Each structure stands twice: as structure tokens, then as C-alpha cells.
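> For reference, the file query_5.txt (compact mmCIF, C-alpha atoms) is included below:
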# COMPACT_ATOMS: atom_id res chain seq x y z
CA ASP F 6 -9.14 196.74 -126.72
CA PHE F 7 -9.78 194.75 -129.87
CA ASN F 8 -12.68 197.05 -130.79
CA VAL F 9 -10.54 199.86 -132.17
CA GLY F 10 -10.26 198.67 -135.75
CA PHE F 11 -7.81 195.79 -135.53
CA SER F 12 -8.05 192.94 -137.96
CA LEU F 13 -8.24 189.40 -136.66
CA TRP F 14 -4.91 188.88 -138.43
CA GLY F 15 -1.58 190.65 -138.33
CA HIS F 16 1.84 189.36 -139.31
CA VAL F 17 4.78 188.14 -137.31
CA TYR F 18 8.01 186.60 -138.54
CA VAL F 19 10.30 184.87 -136.06
CA PRO F 20 13.75 183.84 -137.32
CA ARG F 21 14.83 180.24 -136.60
CA ALA F 22 17.46 181.21 -134.03
CA CYS F 23 14.91 183.33 -132.16
CA ARG F 24 12.38 180.48 -131.91
CA SER F 25 14.69 178.41 -129.72
CA GLY F 26 15.53 181.29 -127.41
CA SER F 27 19.23 180.51 -127.73
CA VAL F 28 20.14 184.02 -128.94
CA ALA F 29 19.04 187.52 -128.04
CA CYS F 30 16.85 188.90 -130.81
CA GLY F 31 15.74 192.35 -131.83
CA LEU F 32 12.18 193.39 -132.60
CA GLN F 33 10.87 195.62 -135.35
CA VAL F 34 7.25 196.80 -135.30
CA SER F 35 5.96 197.96 -138.69
CA PHE F 36 2.93 200.23 -138.92
CA HIS F 37 1.27 200.11 -142.33
CA GLY F 38 -0.06 203.18 -144.08
CA CYS F 39 -3.71 204.05 -144.52
CA GLY F 40 -5.85 201.58 -146.38
CA GLY F 41 -5.33 198.52 -144.24
CA GLY F 42 -2.57 196.09 -143.75
CA GLU F 43 -2.99 193.65 -146.60
CA GLY F 44 0.37 194.83 -147.87
CA SER F 45 1.97 194.88 -144.42
CA ALA F 46 3.23 191.30 -144.53
CA PRO F 47 7.01 191.31 -144.69
CA GLY F 48 8.39 190.41 -148.10
CA GLN F 49 10.95 187.70 -148.81
CA GLN F 50 13.86 190.16 -148.82
CA THR F 51 12.80 191.68 -145.50
CA MET F 52 12.42 188.23 -143.95
CA ALA F 53 15.87 187.22 -145.24
CA ILE F 54 17.42 190.31 -143.60
CA ALA F 55 15.52 189.56 -140.38
CA GLU F 56 16.69 185.93 -140.48
CA ALA F 57 20.33 186.92 -141.00
CA ASN F 58 20.23 189.49 -138.18
CA ASN F 59 17.93 187.76 -135.65
CA ILE F 60 15.19 190.36 -135.82
CA VAL F 61 11.59 189.44 -135.07
CA LEU F 62 9.14 191.30 -137.34
CA LEU F 63 5.73 192.32 -136.00
CA ALA F 64 3.15 193.96 -138.26
CA PRO F 65 -0.16 194.69 -136.52
CA ASN F 66 -3.08 195.29 -138.85
CA VAL F 67 -5.91 197.83 -138.83
CA ASP F 68 -8.30 196.64 -141.51
CA GLY F 69 -9.60 199.10 -144.05
CA LEU F 70 -12.77 199.15 -146.09
CA GLY F 71 -11.05 197.07 -148.79
CA ALA F 72 -11.10 194.09 -146.45
CA ALA F 73 -14.18 193.39 -144.35
CA GLY F 74 -13.99 196.88 -142.84
CA ASN F 75 -13.42 197.15 -139.12
CA ASN F 76 -15.17 197.62 -135.82
CA ALA F 77 -13.77 201.02 -134.78
CA THR F 78 -17.00 203.00 -135.03
CA ALA F 79 -18.42 201.69 -131.75
CA SER F 80 -15.30 202.74 -129.80
CA CYS F 81 -14.74 206.01 -131.58
CA ASN F 82 -14.79 209.15 -129.43
CA ARG F 83 -17.06 207.41 -126.97
CA GLY F 84 -18.83 209.88 -124.67
CA THR F 85 -18.14 212.96 -126.83
CA PRO F 86 -20.15 214.90 -129.43
CA MET F 87 -17.95 213.22 -132.07
CA ALA F 88 -18.94 209.67 -131.03
CA GLY F 89 -18.85 207.24 -133.94
CA ASN F 90 -16.79 209.53 -136.18
CA CYS F 91 -13.84 207.31 -137.11
CA LYS F 92 -13.64 207.85 -140.84
CA GLU F 93 -9.85 207.50 -141.05
CA ILE F 94 -9.66 204.45 -138.82
CA SER F 95 -12.48 202.77 -140.75
CA ARG F 96 -10.30 203.30 -143.85
CA GLY F 97 -7.53 201.31 -142.17
CA CYS F 98 -5.47 204.19 -140.75
CA TRP F 99 -3.82 204.34 -137.35
CA ASP F 100 -5.19 206.95 -134.94
CA GLY F 101 -2.97 209.87 -135.90
CA TYR F 102 -5.05 212.74 -134.57
CA GLY F 103 -7.43 211.65 -131.83
CA GLN F 104 -10.32 209.81 -133.40
CA LEU F 105 -10.28 207.11 -130.71
CA SER F 106 -9.22 209.22 -127.74
CA ARG F 107 -7.50 212.43 -126.73
CA ASP F 108 -4.54 210.26 -125.66
CA TYR F 109 -3.69 209.38 -129.26
CA VAL F 110 -0.12 210.74 -128.96
CA LEU F 111 0.56 208.90 -125.70
CA GLN F 112 1.44 205.35 -124.78
CA SER F 113 -1.99 205.15 -123.12
CA ALA F 114 -3.77 205.54 -126.49
CA PRO F 115 -5.99 202.60 -127.54
CA HIS F 116 -3.90 201.61 -130.56
CA MET F 117 -0.61 201.93 -128.69
CA GLN F 118 -1.89 199.93 -125.70
CA SER F 119 -2.95 197.11 -128.02
CA VAL F 120 0.36 197.12 -129.88
CA TRP F 121 2.26 197.15 -126.57
CA ARG F 122 0.38 193.99 -125.50
CA MET F 123 1.40 192.39 -128.81
CA VAL F 124 5.05 193.35 -128.18
CA GLN F 125 4.86 191.87 -124.68
CA ARG F 126 3.42 188.65 -126.06
CA VAL F 127 6.04 188.31 -128.80
CA ALA F 128 8.85 189.14 -126.37
CA GLY F 129 7.57 186.64 -123.81
CA LEU F 130 6.96 189.29 -121.18
CA GLY F 131 3.61 187.88 -120.11
CA GLY F 132 1.27 190.37 -121.80
CA GLY F 133 -1.01 189.95 -124.73
CA GLY F 134 -3.74 187.76 -123.37
CA GLY F 135 -6.78 187.46 -125.60
CA ARG F 136 -7.58 189.72 -128.49
CA GLY F 137 -5.86 193.05 -128.61
Any chance you could give the structure as C-alpha cells?

Amino acid sequence: DFNVGFSLWGHVYVPRACRSGSVACGLQVSFHGCGGGEGSAPGQQTMAIAEANNIVLLAPNVDGLGAAGNNATASCNRGTPMAGNCKEISRGCWDGYGQLSRDYVLQSAPHMQSVWRMVQRVAGLGGGGGRG
């Protein structure tokens, strides 16, 4: 679900050899720290290492208040007494202790489901339709 604090923009770097599909490539997913992902774009040195080793870089982005904020409040703890309480996620943090759902430590958690769809899309596995 897009409505869990994701920015409209994340970052992906695909090395030249990986674009053609002629070689098997690795994938690294980078999760930024709290405060949003403005600094999550891979730097020149990281991209050079990725290029030399055929590693696709994926950096999803949860926007913080420093950007335009995010839309997590509407999805936060829906149906519980804590509904709307997403202070950390609205600061640009990943759900590290259950602000979006009790599943936060599982693959079924909202952030992890969205990132998994991004991985599927980048890897060409057929997932990742639409926003999320």
C-alpha cells in the first residue's frame, strides 16, 4: 500500500551489464535511517562498486517532515485505539516497532510488502504494479 509513508520517489541504480540481461546480477536493498531518504541515493563510489560487480541498488524512500511529509497517518494503527499515531513514520522512519501494524517484524508488514513488490519489479518477477 502506497499510503504507509512512501515518497513518490526512491532510487535505483542498474549497472550497464544488468540492463541487457546478459549477466546474472545481484540486488542490494538499502534502508535509510530516520529522517527520510533524501540522503539514500547511492553515491558515486557505491555506484562504481555496483557497476564493477553487477549489483543492482534499490533504495526505497519513506519521506520525513523535511520533505513534503508523508501520508502514513491515515493508515497508522487503523482500527485500534492508537489510530493515527505514526510519529516515527511521519519523521521518515521505517516501521520498527508496530506503528503501522502488529505484523511489523514479519514479511506481511505494510512496509515489507511494499518493498517486496519493488524487489519483484526490479528483478522482473512480475510484481510491483502501480504505486507501492
> What is the distance between atom CA of Pro115 of chain F and atom CA of Asp100 of chain F, in Å to one decimal?
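One can read the atom CA of Pro115 of chain F to atom CA of Asp100 of chain F distance as 8.6 Å.
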> Just to confirm, what's the straight-line distance from atom CA of Val28 of chain F to atom CA of Asn66 of chain F in Å (one decimal)?
27.6 Å
> Ranking F:Glu93, F:Arg126, F:Ala55, F:Trp99 by minimum distance to Phe11 of chain F and counting all atoms listed in the file, which one comes first?
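The closest residue to Phe11 of chain F is F:Trp99.
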> Please measure the separation of atom CA of His16 of chain F and atom CA of Ala64 of chain F, giving the value in Å to one decimal.
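Taking atom CA of His16 of chain F and atom CA of Ala64 of chain F, their separation equals 4.9 Å.
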> Residues near Gln104 of chain F, anyone? I mean within 7 Å using all atoms listed in the file, not counting same-chain ones fewer than 2 positions away, as a ChimeraX atom specification.
/F:81-82,91,100,102,106
